[in-house]
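Below is the file input-v4.txt, which contains compact mmCIF, C-alpha atoms.
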# COMPACT_ATOMS: atom_id res chain seq x y z
CA MET V 1 166.90 93.39 108.00
CA ARG V 2 167.00 90.11 109.88
CA ARG V 3 165.03 88.40 107.18
CA ILE V 4 167.49 89.57 104.55
CA ILE V 5 170.42 88.30 106.61
CA GLY V 6 168.58 85.04 107.18
CA ARG V 7 168.04 84.63 103.44
CA ILE V 8 171.66 85.39 102.62
CA TYR V 9 172.72 82.86 105.25
CA CYS V 10 170.39 80.30 103.76
CA GLY V 11 171.76 81.00 100.27
CA VAL V 12 175.33 80.64 101.47
CA ARG V 13 174.48 77.31 103.10
CA MET V 14 172.95 76.02 99.89
CA LEU V 15 175.93 77.22 97.87
CA GLU V 16 178.22 75.51 100.32
CA ARG V 17 176.32 72.25 99.96
CA LEU V 18 176.49 72.52 96.17
CA VAL V 19 180.21 73.22 96.25
CA ASN V 20 180.70 70.27 98.57
CA THR V 21 178.85 67.97 96.18
CA ILE V 22 180.95 69.14 93.25
CA ARG V 23 184.08 68.81 95.35
CA GLY V 24 183.06 65.26 96.27
CA ILE V 25 182.57 64.33 92.63
CA GLY V 26 185.91 65.85 91.74
CA HIS V 27 187.63 64.06 94.59
CA ARG V 28 186.15 60.73 93.57
CA THR V 29 187.12 61.26 89.93
CA VAL V 30 190.67 62.19 90.82
CA ASP V 31 190.80 59.18 93.14
CA ARG V 32 189.64 56.87 90.34
CA VAL V 33 192.20 58.29 87.92
CA HIS V 34 194.85 57.91 90.58
CA ARG V 35 193.90 54.26 91.09
CA LEU V 36 193.83 53.68 87.33
CA GLY V 37 197.33 55.10 87.04
CA PHE V 38 198.49 52.87 89.87
CA ALA V 39 196.82 49.89 88.20
CA ALA V 40 198.58 50.62 84.91
CA ARG V 41 201.92 50.93 86.70
CA PHE V 42 201.20 47.70 88.56
CA PHE V 43 200.37 45.95 85.26
CA LEU V 44 203.57 47.13 83.58
CA TYR V 45 205.66 46.27 86.62
CA SER V 46 204.27 42.74 86.81
CA LEU V 47 204.99 42.32 83.08
CA THR V 48 208.61 43.38 83.58
CA CYS V 49 208.89 41.02 86.54
CA SER V 50 207.46 38.07 84.65
CA GLY V 51 210.82 36.92 83.32
CA GLU V 52 211.56 35.36 86.67
CA SER V 53 208.25 33.52 86.80
CA PHE V 54 209.14 31.82 83.52
CA ARG V 55 212.48 30.77 84.93
CA ARG V 56 210.65 29.25 87.89
CA PHE V 57 207.87 27.69 85.89
CA PRO V 58 206.61 25.29 88.61
CA LEU V 59 205.18 28.35 90.34
CA VAL V 60 203.08 29.10 87.27
CA ILE V 61 202.04 25.45 86.98
CA LYS V 62 200.81 25.46 90.54
CA GLU V 63 198.72 28.55 89.85
CA ILE V 64 197.35 27.07 86.61
CA TYR V 65 196.19 24.18 88.76
CA PHE V 66 194.31 26.53 91.08
CA THR V 67 192.86 28.89 88.47
CA GLY V 68 192.43 26.55 85.51
CA VAL V 69 192.02 22.94 86.58
CA LEU V 70 189.85 23.67 89.59
CA SER V 71 187.58 25.93 87.49
CA LEU V 72 186.99 23.12 84.99
CA ILE V 73 183.90 21.65 86.65
CA ILE V 74 181.90 24.86 86.81
CA ILE V 75 183.00 25.80 83.27
CA LEU V 76 182.11 22.45 81.73
CA VAL V 77 178.77 22.04 83.50
CA SER V 78 177.70 25.61 82.61
CA ALA V 79 178.82 25.06 79.03
CA LEU V 80 176.77 21.90 78.71
CA PHE V 81 173.64 23.62 79.96
CA VAL V 82 174.22 26.78 77.94
CA GLY V 83 174.61 24.66 74.81
CA MET V 84 171.49 22.65 75.58
CA VAL V 85 169.43 25.79 76.19
CA LEU V 86 170.75 27.33 72.97
CA GLY V 87 169.74 24.17 71.12
CA LEU V 88 166.20 24.25 72.51
CA GLN V 89 165.68 27.98 72.04
CA GLY V 90 167.28 28.01 68.61
CA TYR V 91 165.17 25.09 67.44
CA ASN V 92 162.02 26.71 68.78
CA THR V 93 162.60 29.84 66.71
CA LEU V 94 164.17 28.31 63.62
CA GLN V 95 161.48 25.69 63.06
CA ARG V 96 159.00 28.50 62.42
CA TYR V 97 161.03 29.36 59.34
CA GLY V 98 161.42 25.75 58.31
CA SER V 99 165.18 25.75 58.79
CA SER V 100 165.57 23.77 61.99
CA GLU V 101 168.79 22.18 60.65
CA ALA V 102 170.46 25.56 61.04
CA VAL V 103 170.33 25.11 64.82
CA GLY V 104 173.88 23.71 64.63
CA VAL V 105 175.11 26.92 63.01
CA LEU V 106 173.32 29.00 65.61
CA VAL V 107 174.73 27.06 68.54
CA ALA V 108 178.27 26.92 67.17
CA LEU V 109 178.50 30.54 66.06
CA SER V 110 177.02 31.99 69.23
CA LEU V 111 179.28 29.84 71.39
CA VAL V 112 182.51 30.28 69.47
CA ARG V 113 182.11 33.99 68.82
CA GLU V 114 180.49 35.29 71.98
CA LEU V 115 179.26 33.04 74.73
CA GLY V 116 182.37 30.89 74.97
CA PRO V 117 184.81 33.72 75.74
CA VAL V 118 182.35 35.96 77.61
CA VAL V 119 180.65 33.44 79.89
CA THR V 120 183.98 31.75 80.60
CA ALA V 121 185.45 35.11 81.58
CA LEU V 122 182.49 35.92 83.84
CA LEU V 123 182.66 32.52 85.52
CA PHE V 124 186.43 32.82 85.74
CA ALA V 125 186.11 36.18 87.49
CA GLY V 126 183.68 34.66 89.95
CA ARG V 127 185.51 31.42 90.54
CA ALA V 128 189.23 32.22 90.20
CA GLY V 129 189.37 36.03 90.32
CA THR V 130 187.79 36.26 93.75
CA ALA V 131 190.12 33.59 95.07
CA ILE V 132 193.15 35.48 93.78
CA THR V 133 191.96 38.78 95.29
CA ALA V 134 191.15 37.25 98.66
CA GLU V 135 194.45 35.38 98.77
CA ILE V 136 196.61 38.38 97.92
CA GLY V 137 194.53 40.69 100.09
CA LEU V 138 194.99 38.36 103.05
CA MET V 139 198.70 37.99 102.29
CA LYS V 140 198.91 41.75 102.49
CA ALA V 141 196.77 41.96 105.63
CA THR V 142 198.89 39.37 107.41
CA GLU V 143 202.02 41.16 106.21
CA GLN V 144 203.34 38.23 104.23
CA LEU V 145 204.11 40.56 101.33
CA SER V 146 206.14 42.90 103.54
CA ALA V 147 207.89 39.87 105.01
CA MET V 148 208.93 38.85 101.52
CA GLU V 149 210.27 42.32 100.87
CA MET V 150 212.25 42.07 104.11
CA MET V 151 213.83 38.87 102.81
CA ALA V 152 214.71 40.67 99.55
CA VAL V 153 212.14 38.67 97.62
CA ASN V 154 210.18 40.80 95.21
CA PRO V 155 206.51 39.99 95.97
CA ILE V 156 205.43 41.09 92.49
CA ALA V 157 207.77 38.61 90.85
CA ARG V 158 207.13 35.86 93.38
CA VAL V 159 203.37 36.18 93.95
CA VAL V 160 201.76 38.38 91.31
CA ALA V 161 203.51 37.48 88.05
CA PRO V 162 202.98 33.67 88.25
CA ARG V 163 199.28 34.19 88.96
CA PHE V 164 199.03 36.61 86.08
CA TRP V 165 200.54 34.19 83.58
CA ALA V 166 198.51 31.31 84.94
CA GLY V 167 195.32 33.30 84.28
CA VAL V 168 196.43 34.33 80.81
CA ILE V 169 197.30 30.72 79.90
CA SER V 170 194.20 29.17 81.48
CA MET V 171 191.56 31.44 80.00
CA PRO V 172 191.83 30.55 76.27
CA LEU V 173 192.00 26.85 77.15
CA LEU V 174 188.93 27.14 79.37
CA ALA V 175 187.08 29.10 76.67
CA ALA V 176 187.91 26.47 74.05
CA LEU V 177 186.67 23.72 76.35
CA PHE V 178 183.55 25.77 77.06
CA SER V 179 182.77 26.21 73.36
CA LEU V 180 183.36 22.56 72.56
CA THR V 181 181.25 21.32 75.47
CA GLY V 182 178.54 23.81 74.54
CA VAL V 183 178.45 22.58 70.95
CA PHE V 184 178.21 19.04 72.32
CA GLY V 185 175.31 20.13 74.56
CA GLY V 186 173.55 21.66 71.57
CA PHE V 187 174.15 18.47 69.63
CA LEU V 188 172.67 16.40 72.47
CA VAL V 189 169.46 18.40 72.41
CA ALA V 190 169.18 18.81 68.64
CA VAL V 191 170.01 15.34 67.37
CA PRO V 192 168.97 12.63 69.87
CA LEU V 193 166.26 14.64 71.64
CA ILE V 194 164.56 16.64 68.89
CA GLY V 195 165.57 14.41 66.01
CA ILE V 196 167.29 16.79 63.62
CA ASP V 197 169.33 15.00 60.99
CA ASP V 198 172.85 14.32 62.22
CA GLY V 199 174.56 15.03 58.89
CA ALA V 200 172.69 18.28 58.26
CA PHE V 201 173.52 19.49 61.77
CA TRP V 202 177.27 19.09 61.32
CA SER V 203 177.54 19.97 57.63
CA GLN V 204 175.65 23.26 57.99
CA MET V 205 177.79 24.08 60.99
CA GLN V 206 180.98 23.34 59.10
CA ALA V 207 179.86 25.34 56.08
CA ASN V 208 179.16 28.45 58.13
CA VAL V 209 181.84 28.56 60.82
CA ASP V 210 185.10 29.96 59.57
CA PHE V 211 188.38 29.12 61.26
CA ARG V 212 189.98 32.54 60.94
CA GLU V 213 186.91 34.74 61.32
CA ASP V 214 185.15 32.89 64.10
CA ILE V 215 187.41 30.50 66.00
CA VAL V 216 190.62 32.54 66.00
CA ASN V 217 188.69 35.70 66.89
CA GLY V 218 187.12 33.85 69.80
CA VAL V 219 190.54 32.78 71.03
CA ILE V 220 191.84 36.36 70.74
CA LYS V 221 188.87 37.57 72.77
CA SER V 222 189.43 35.01 75.50
CA MET V 223 193.12 35.94 75.73
CA VAL V 224 192.24 39.62 76.20
CA PHE V 225 189.64 38.66 78.82
CA GLY V 226 192.23 36.52 80.54
CA VAL V 227 194.61 39.47 80.84
CA ALA V 228 191.82 41.82 81.99
CA CYS V 229 190.25 39.50 84.59
CA THR V 230 193.53 38.37 86.08
CA ILE V 231 195.11 41.80 86.32
CA ILE V 232 191.95 43.25 87.88
CA ALA V 233 191.83 40.45 90.46
CA LEU V 234 195.53 40.84 91.26
CA PHE V 235 195.37 44.60 91.49
CA GLU V 236 192.29 44.65 93.72
CA GLY V 237 193.99 42.17 96.04
CA TYR V 238 197.24 44.12 96.08
CA ASP V 239 195.48 47.43 96.60
CA ALA V 240 193.03 46.18 99.26
CA PRO V 241 193.07 47.90 102.66
CA PRO V 242 194.66 45.36 105.02
CA THR V 243 191.51 44.70 107.03
CA ALA V 244 188.81 42.04 106.91
CA GLU V 245 186.37 44.58 105.54
CA GLY V 246 188.88 45.86 103.00
CA VAL V 247 189.54 42.37 101.63
CA SER V 248 185.84 41.59 101.36
CA ARG V 249 185.19 44.87 99.54
CA ALA V 250 188.10 44.21 97.21
CA THR V 251 186.67 40.78 96.38
CA THR V 252 183.33 42.34 95.48
CA ARG V 253 185.05 44.98 93.37
CA THR V 254 186.94 42.26 91.53
CA VAL V 255 183.73 40.63 90.34
CA VAL V 256 182.05 43.92 89.45
CA ASN V 257 185.03 45.43 87.66
CA SER V 258 185.97 42.23 85.84
CA SER V 259 182.43 41.72 84.58
CA LEU V 260 182.15 45.31 83.38
CA ALA V 261 185.59 45.17 81.78
CA VAL V 262 184.77 41.91 80.02
CA LEU V 263 181.47 43.16 78.61
CA GLY V 264 182.92 46.51 77.56
CA LEU V 265 185.99 44.97 75.95
CA ASP V 266 183.74 42.43 74.24
CA PHE V 267 181.77 45.18 72.55
CA ILE V 268 184.93 47.00 71.45
CA MET V 269 186.56 43.86 70.07
CA THR V 270 183.40 42.68 68.35
CA SER V 271 183.02 46.00 66.59
CA PHE V 272 186.58 45.67 65.33
CA MET V 273 186.10 42.06 64.27
CA ILE V 274 182.79 42.45 62.46
CA HIS V 275 183.40 44.88 59.66
CA GLY V 276 180.94 45.55 56.89
CA GLY V 277 178.74 42.56 57.63
CA ASN V 278 180.74 40.07 55.56
CA MET N 1 198.81 18.10 97.05
CA GLU N 2 202.01 16.59 95.78
CA ARG N 3 203.89 18.46 93.11
CA ALA N 4 203.85 15.61 90.59
CA THR N 5 200.06 15.25 90.84
CA ILE N 6 199.59 18.95 90.20
CA ASP N 7 201.89 18.76 87.20
CA LEU N 8 199.91 15.83 85.88
CA TRP N 9 196.58 17.64 86.22
CA VAL N 10 197.90 20.82 84.67
CA GLY N 11 199.37 18.80 81.81
CA LEU N 12 196.04 17.08 81.27
CA PHE N 13 194.26 20.44 81.39
CA VAL N 14 196.57 22.01 78.80
CA VAL N 15 196.31 18.96 76.54
CA ALA N 16 192.50 18.97 76.85
CA GLY N 17 192.35 22.69 76.07
CA ILE N 18 194.52 22.38 72.98
CA ALA N 19 192.61 19.28 71.90
CA ALA N 20 189.36 21.26 72.28
CA LEU N 21 190.77 24.00 70.04
CA MET N 22 191.80 21.42 67.45
CA ALA N 23 188.40 19.75 67.66
CA LEU N 24 186.68 23.11 67.20
CA ALA N 25 188.85 23.84 64.18
CA MET N 26 188.26 20.43 62.59
CA LYS N 27 184.75 19.45 63.55
CA VAL N 28 183.07 22.84 63.88
CA GLY N 29 185.10 25.11 61.65
CA ASN N 30 185.91 22.56 58.97
CA LEU N 31 189.47 23.74 58.52
CA THR N 32 190.28 20.69 56.43
CA SER N 33 188.21 21.48 53.35
CA LEU N 34 189.68 23.74 50.72
CA ASN N 35 191.41 26.15 53.04
CA VAL N 36 194.81 24.57 52.84
CA GLY N 37 194.83 23.30 49.24
CA GLU N 38 196.42 25.22 46.39
CA THR N 39 194.00 27.48 44.57
CA TYR N 40 193.92 29.68 41.49
CA THR N 41 191.94 32.85 41.15
CA VAL N 42 189.29 33.55 38.55
CA SER N 43 186.86 36.43 38.47
CA ALA N 44 183.57 37.20 36.81
CA TYR N 45 181.29 40.18 36.32
CA PHE N 46 177.70 39.77 37.42
CA GLU N 47 174.77 42.04 36.74
CA ASN N 48 173.38 41.34 40.20
CA ILE N 49 174.83 39.17 42.92
CA GLY N 50 171.73 39.03 45.12
CA GLY N 51 172.76 37.88 48.58
CA LEU N 52 176.11 36.35 47.65
CA LYS N 53 178.74 36.81 50.35
CA ALA N 54 182.48 36.39 50.54
CA ARG N 55 183.34 32.79 51.62
CA ALA N 56 180.28 31.43 49.80
CA PRO N 57 181.00 28.13 48.05
CA VAL N 58 181.73 27.77 44.36
CA LYS N 59 180.12 24.57 43.11
CA SER N 60 180.19 22.59 39.93
CA ALA N 61 177.69 19.78 39.50
CA GLY N 62 176.87 20.26 43.19
CA VAL N 63 180.43 19.62 44.37
CA VAL N 64 182.29 22.40 46.20
CA VAL N 65 185.31 23.30 44.05
CA GLY N 66 186.24 26.64 45.57
CA ARG N 67 185.17 29.68 47.54
CA VAL N 68 184.31 33.29 46.79
CA SER N 69 187.21 35.34 48.07
CA GLU N 70 186.16 38.89 47.29
CA ILE N 71 183.21 40.88 46.02
CA ASN N 72 183.68 44.39 44.63
CA PHE N 73 181.65 46.89 42.70
CA ASP N 74 183.16 47.94 39.39
CA ASP N 75 182.39 51.61 39.01
CA ASP N 76 183.07 51.72 35.25
CA LYS N 77 180.88 48.81 34.24
CA LYS N 78 178.39 49.31 37.09
CA GLU N 79 178.53 45.60 37.73
CA ALA N 80 179.70 43.39 40.58
CA LEU N 81 183.13 41.82 40.27
CA VAL N 82 183.25 38.49 42.08
CA THR N 83 186.68 36.96 42.67
CA MET N 84 186.77 33.21 43.33
CA LYS N 85 189.48 30.84 44.46
CA VAL N 86 189.18 27.48 42.76
CA ASP N 87 191.11 24.39 43.78
CA THR N 88 193.97 23.61 41.37
CA LYS N 89 192.73 20.01 41.17
CA TYR N 90 189.83 21.17 39.04
CA HIS N 91 190.15 22.62 35.56
CA PHE N 92 187.49 24.59 33.75
CA ASP N 93 187.53 25.68 30.13
CA LYS N 94 187.35 29.25 28.93
CA ASP N 95 183.69 29.35 28.04
CA THR N 96 182.56 28.06 31.41
CA ASN N 97 179.26 29.54 32.47
CA ALA N 98 179.09 31.07 35.98
CA SER N 99 175.72 31.73 37.55
CA ILE N 100 174.56 32.68 41.02
CA LEU N 101 172.20 30.06 42.38
CA THR N 102 170.41 29.39 45.64
CA SER N 103 170.54 26.13 47.53
CA GLY N 104 167.02 25.32 48.61
CA LEU N 105 164.23 27.84 48.83
CA LEU N 106 165.72 30.08 51.50
CA GLY N 107 169.22 28.66 51.56
CA GLU N 108 172.51 30.43 51.03
CA GLN N 109 173.61 31.59 47.60
CA TYR N 110 176.56 30.11 45.75
CA VAL N 111 178.31 30.40 42.41
CA GLY N 112 177.60 27.53 40.06
CA LEU N 113 180.12 26.73 37.34
CA GLU N 114 178.98 24.86 34.24
CA ALA N 115 181.63 23.61 31.87
CA GLY N 116 181.52 24.69 28.24
CA GLY N 117 183.26 23.21 25.21
CA ASP N 118 186.44 25.24 24.79
CA THR N 119 189.77 23.41 24.61
CA GLU N 120 191.68 26.12 26.47
CA MET N 121 191.48 26.08 30.22
CA LEU N 122 191.04 28.98 32.64
CA LYS N 123 194.29 30.15 34.16
CA ASN N 124 195.07 32.14 37.29
CA GLY N 125 193.64 35.66 36.98
CA ASP N 126 191.34 34.88 34.04
CA LYS N 127 187.83 36.26 33.71
CA ILE N 128 184.75 34.18 33.08
CA LYS N 129 182.82 35.79 30.23
CA LEU N 130 179.50 33.97 30.38
CA THR N 131 177.70 34.88 33.56
CA GLN N 132 174.20 34.98 34.87
CA GLY N 133 173.35 37.06 37.92
CA ALA N 134 171.09 36.17 40.79
CA VAL N 135 167.37 35.92 40.26
CA VAL N 136 165.68 38.75 42.10
CA LEU N 137 162.36 37.64 43.51
CA GLU N 138 160.67 41.00 43.03
CA LYS N 139 161.59 41.11 39.33
CA LEU N 140 160.36 37.55 38.90
CA ILE N 141 157.02 38.36 40.50
CA SER N 142 156.57 41.54 38.46
CA GLN N 143 157.36 39.63 35.26
CA PHE N 144 154.84 36.98 36.24
CA LEU N 145 152.16 39.55 37.01
CA TYR N 146 152.90 41.40 33.78
CA SER N 147 152.56 38.25 31.69
CA LYS N 148 149.38 37.28 33.54
CA ALA N 149 147.94 40.71 32.89
CA SER N 150 148.79 40.57 29.21
CA GLU N 151 147.27 37.05 29.01
CA GLY N 152 144.08 38.38 30.55
CA ASN N 153 143.96 41.18 28.00
CA GLU N 154 144.38 38.70 25.15
CA LYS N 155 141.55 36.54 26.51
CA LYS N 156 139.30 39.58 26.75
CA ALA N 157 140.20 40.52 23.21
CA ASP N 158 139.45 36.94 22.05
CA SER N 159 136.05 36.80 23.71
CA LYS N 160 135.08 40.06 22.07

Go through the file and emit its structure as structure tokens.
Amino acid sequence: MRRIIGRIYCGVRMLERLVNTIRGIGHRTVDRVHRLGFAARFFLYSLTCSGESFRRFPLVIKEIYFTGVLSLIIILVSALFVGMVLGLQGYNTLQRYGSSEAVGVLVALSLVRELGPVVTALLFAGRAGTAITAEIGLMKATEQLSAMEMMAVNPIARVVAPRFWAGVISMPLLAALFSLTGVFGGFLVAVPLIGIDDGAFWSQMQANVDFREDIVNGVIKSMVFGVACTIIALFEGYDAPPTAEGVSRATTRTVVNSSLAVLGLDFIMTSFMIHGGN
Amino acid sequence: MERATIDLWVGLFVVAGIAALMALAMKVGNLTSLNVGETYTVSAYFENIGGLKARAPVKSAGVVVGRVSEINFDDDKKEALVTMKVDTKYHFDKDTNASILTSGLLGEQYVGLEAGGDTEMLKNGDKIKLTQGAVVLEKLISQFLYSKASEGNEKKADSK
């Protein structure tokens, strides 16, 4: 009799543990969906508030300085090295097929289509996104945002919207600079270092890179990444628990979520942009 | 930092970014050649287009005179219909010969136009009648082997 009761008790305990696990998963899912809804509302609200940030454009300019101009060094140096590596690797593979002149096409297409927007967005999330999150998180922790509300200043319009537009404006410009510097890096390796013919390098590149299909699509990608990275950084900062630990966690989440969003969006957009292989 | 300095840097940044876009368009994407000029459309049926792609160049005497705009399969004729945009600067007569050629051994394929002797010129929407499709390597090899084999047979017959 006791053994039977003991077994039933054991079974109930196990069932309870199982139910708790399922409940935990459900709770986390609902929490995520809740946060996503809040993020969407936050995004829409900052869009509706952005009229004011255009009327006070110096605010946006100041933020462009912090997110765009100060990110230039890391973007340009990475671009130069990425381009140089692409040149070396591309040459190494292409010369086996006797078409080492095509290294220009390889470098330009991979930079303009993919690496330019994507690597810029990843670096941007690391360099500018974290700064935005930490700044807004600290503003919240030190109750600067509530103070603004007390003074009848809308913190979304005053703090969030200018940063959002600064990110959206900076990102395509940074990506264009990245692509151009990368192509220059590839040129540096291919022409003076390896000794590929200068004319063949540029003419093959020009024959195979299309303005509409490649360059404009790259710019569209970088604009979407700009929106995604900036809004994630802003939201994580705004939503951070007002403690030191909360802000640090929010900063980590910014990098993780921005990177995942960028790579996922990149796949979706690429599959829309490349249709039928032409 | 002072406001004016920030404005200056941001201005420089925006100018540099837009200049980079322009440079990409001009130097990398070659926006200047044949994308802005006026063009007229001609089309041609080909038995086989090989690896021809949309945006491939249309050349005459080695000079790029246009680009392939569209490639379709004509279900009635069971042939490929290639639509080309040719620069209005260049005029070709009605019995121009269009063939699909390859630049270099492994290079990209393009449409070569060879002028004929007709007095009437091709107009917008016209069709080129004389065409030659792409050379398919497998067919070429099988033809070669076939002719070799028949040569061998003849030699055997001669020696007997």

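One finds atom CA of Phe13 of chain N at 19.5 Å from atom CA of Ile132 of chain V.
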
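Here atom CA of Gly226 of chain V stands at a distance of 21.1 Å from atom CA of Arg56 of chain V.
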
Report task. Fewer than 3 positions away in the same chain doesn't count, so skip those; otherwise give me all residues within 7 Å of Ala134 of chain N, counting all atoms listed in the file, as a ChimeraX atom specification. Result -> /N:48-50,100-101

Can you spit out the residues from that selection as an mmCIF file, in the frame of the given file, using C-alpha atoms?
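Written out: result_10.cif:
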data_model
loop_
_atom_site.group_PDB
_atom_site.id
_atom_site.type_symbol
_atom_site.label_atom_id
_atom_site.label_comp_id
_atom_site.auth_asym_id
_atom_site.auth_seq_id
_atom_site.Cartn_x
_atom_site.Cartn_y
_atom_site.Cartn_z
ATOM 1 C CA ASN N 48 173.380 41.340 40.200
ATOM 2 C CA ILE N 49 174.830 39.170 42.920
ATOM 3 C CA GLY N 50 171.730 39.030 45.120
ATOM 4 C CA ILE N 100 174.560 32.680 41.020
ATOM 5 C CA LEU N 101 172.200 30.060 42.380
#

**Report entry** d(atom CA of Val103 of chain V, atom CA of Val183 of chain V) in Å
**Finding:** 10.5 Å

Report task. Pull out every residue of chain N that has at least one atom within 8 Å of chain V, counting only C-alpha atoms, and report them as a list in words. Result -> Ile6, Asp7, Trp9, Val10, Phe13, Val14, Ala16, Gly17, Ile18, Ala20, Leu21, Ala23, Leu24, Ala25, Lys27, Val28, Gly29, Asn30, Leu31, Lys53 and Ala54 of chain N

Query raised in the report: Taking only C-alpha atoms into account, which of V:Arg113, V:Gln95, V:Ala128, V:Ala157 comes nearest Phe267 of chain V?
Result: V:Arg113

Determine, for each residue of segment 110-136 of chain V having at least one atom at most 12 Å from an atom of segment 231-247 of chain V, the closest pair of atoms and their separation in Å to one decimal, counting only C-alpha atoms; order by chain and ascending number, as JSON lines.
{"residue": "V:Phe124", "atom": "CA", "partner": "V:Ala233", "partner_atom": "CA", "distance": 10.5}
{"residue": "V:Ala125", "atom": "CA", "partner": "V:Ala233", "partner_atom": "CA", "distance": 7.7}
{"residue": "V:Gly126", "atom": "CA", "partner": "V:Ala233", "partner_atom": "CA", "distance": 10.0}
{"residue": "V:Arg127", "atom": "CA", "partner": "V:Ala233", "partner_atom": "CA", "distance": 11.0}
{"residue": "V:Ala128", "atom": "CA", "partner": "V:Ala233", "partner_atom": "CA", "distance": 8.6}
{"residue": "V:Gly129", "atom": "CA", "partner": "V:Ala233", "partner_atom": "CA", "distance": 5.1}
{"residue": "V:Thr130", "atom": "CA", "partner": "V:Ala233", "partner_atom": "CA", "distance": 6.7}
{"residue": "V:Ala131", "atom": "CA", "partner": "V:Ala233", "partner_atom": "CA", "distance": 8.4}
{"residue": "V:Ile132", "atom": "CA", "partner": "V:Ala233", "partner_atom": "CA", "distance": 6.1}
{"residue": "V:Thr133", "atom": "CA", "partner": "V:Gly237", "partner_atom": "CA", "distance": 4.0}
{"residue": "V:Ala134", "atom": "CA", "partner": "V:Val247", "partner_atom": "CA", "distance": 6.1}
{"residue": "V:Glu135", "atom": "CA", "partner": "V:Gly237", "partner_atom": "CA", "distance": 7.3}
{"residue": "V:Ile136", "atom": "CA", "partner": "V:Gly237", "partner_atom": "CA", "distance": 5.0}

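Near Arg55 of chain N, within 7 Å and counting all atoms listed in the file, sit Arg67, Val68 and Ser69 of chain N, not including residues fewer than 3 positions from it in the same chain.
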
Could you name the residues that touch segment 135-146 of chain N at 12 Å or less, counting only C-alpha atoms, but leaving out those on the same chain fewer than 3 positions away, as a compact mmCIF listing (two decimals) with C-alpha atoms, in the frame of the given file?
# COMPACT_ATOMS: atom_id res chain seq x y z
CA PHE N 46 177.70 39.77 37.42
CA GLU N 47 174.77 42.04 36.74
CA ASN N 48 173.38 41.34 40.20
CA ILE N 49 174.83 39.17 42.92
CA GLY N 50 171.73 39.03 45.12
CA GLY N 51 172.76 37.88 48.58
CA LEU N 52 176.11 36.35 47.65
CA SER N 99 175.72 31.73 37.55
CA ILE N 100 174.56 32.68 41.02
CA LEU N 101 172.20 30.06 42.38
CA THR N 102 170.41 29.39 45.64
CA LEU N 105 164.23 27.84 48.83
CA LEU N 106 165.72 30.08 51.50
CA GLN N 109 173.61 31.59 47.60
CA GLN N 132 174.20 34.98 34.87
CA ALA N 149 147.94 40.71 32.89
CA SER N 150 148.79 40.57 29.21
CA GLU N 151 147.27 37.05 29.01
CA GLY N 152 144.08 38.38 30.55
CA ASN N 153 143.96 41.18 28.00

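Shortest atom-to-atom contact with Pro57 of chain N among N:Asp74, N:Glu120, N:Asp95, N:Glu108: N:Glu108, counting all atoms listed in the file.
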
Please check which residues have atoms at most 10 Å from (173.4, 21.4, 77.2) in the file's coordinates, counting all atoms listed in the file, and write them as a PDB file with C-alpha atoms, keeping the file's coordinate frame.
ATOM      1  CA  LEU V  76     182.110  22.450  81.730  1.00  0.00           C
ATOM      2  CA  VAL V  77     178.770  22.040  83.500  1.00  0.00           C
ATOM      3  CA  SER V  78     177.700  25.610  82.610  1.00  0.00           C
ATOM      4  CA  ALA V  79     178.820  25.060  79.030  1.00  0.00           C
ATOM      5  CA  LEU V  80     176.770  21.900  78.710  1.00  0.00           C
ATOM      6  CA  PHE V  81     173.640  23.620  79.960  1.00  0.00           C
ATOM      7  CA  VAL V  82     174.220  26.780  77.940  1.00  0.00           C
ATOM      8  CA  GLY V  83     174.610  24.660  74.810  1.00  0.00           C
ATOM      9  CA  MET V  84     171.490  22.650  75.580  1.00  0.00           C
ATOM     10  CA  VAL V  85     169.430  25.790  76.190  1.00  0.00           C
ATOM     11  CA  LEU V  86     170.750  27.330  72.970  1.00  0.00           C
ATOM     12  CA  GLY V  87     169.740  24.170  71.120  1.00  0.00           C
ATOM     13  CA  LEU V  88     166.200  24.250  72.510  1.00  0.00           C
ATOM     14  CA  THR V 181     181.250  21.320  75.470  1.00  0.00           C
ATOM     15  CA  GLY V 182     178.540  23.810  74.540  1.00  0.00           C
ATOM     16  CA  VAL V 183     178.450  22.580  70.950  1.00  0.00           C
ATOM     17  CA  PHE V 184     178.210  19.040  72.320  1.00  0.00           C
ATOM     18  CA  GLY V 185     175.310  20.130  74.560  1.00  0.00           C
ATOM     19  CA  GLY V 186     173.550  21.660  71.570  1.00  0.00           C
ATOM     20  CA  PHE V 187     174.150  18.470  69.630  1.00  0.00           C
ATOM     21  CA  LEU V 188     172.670  16.400  72.470  1.00  0.00           C
ATOM     22  CA  VAL V 189     169.460  18.400  72.410  1.00  0.00           C
ATOM     23  CA  ALA V 190     169.180  18.810  68.640  1.00  0.00           C
TER      24      ALA V 190
END

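Close contacts of Met269 of chain V, defined as residues with an atom at most 10 Å away when counting all atoms listed in the file, with chain neighbours fewer than 6 positions off set aside, comprise V:Asn217, V:Ile220, V:Lys221, V:Val224, V:Leu263.
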
Report task. For Tyr40 of chain N, list every protein, DNA or RNA residue within 6 Å, evaluated using all atoms listed in the file, and leave out those in the same chain fewer than 3 positions away; present the list as a ChimeraX atom specification. Result -> /N:85-86,124

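Across V:Leu15, V:Val168, V:Ile268, V:Ala121, the tightest approach to Val60 of chain V is made by V:Val168 when counting all atoms listed in the file.
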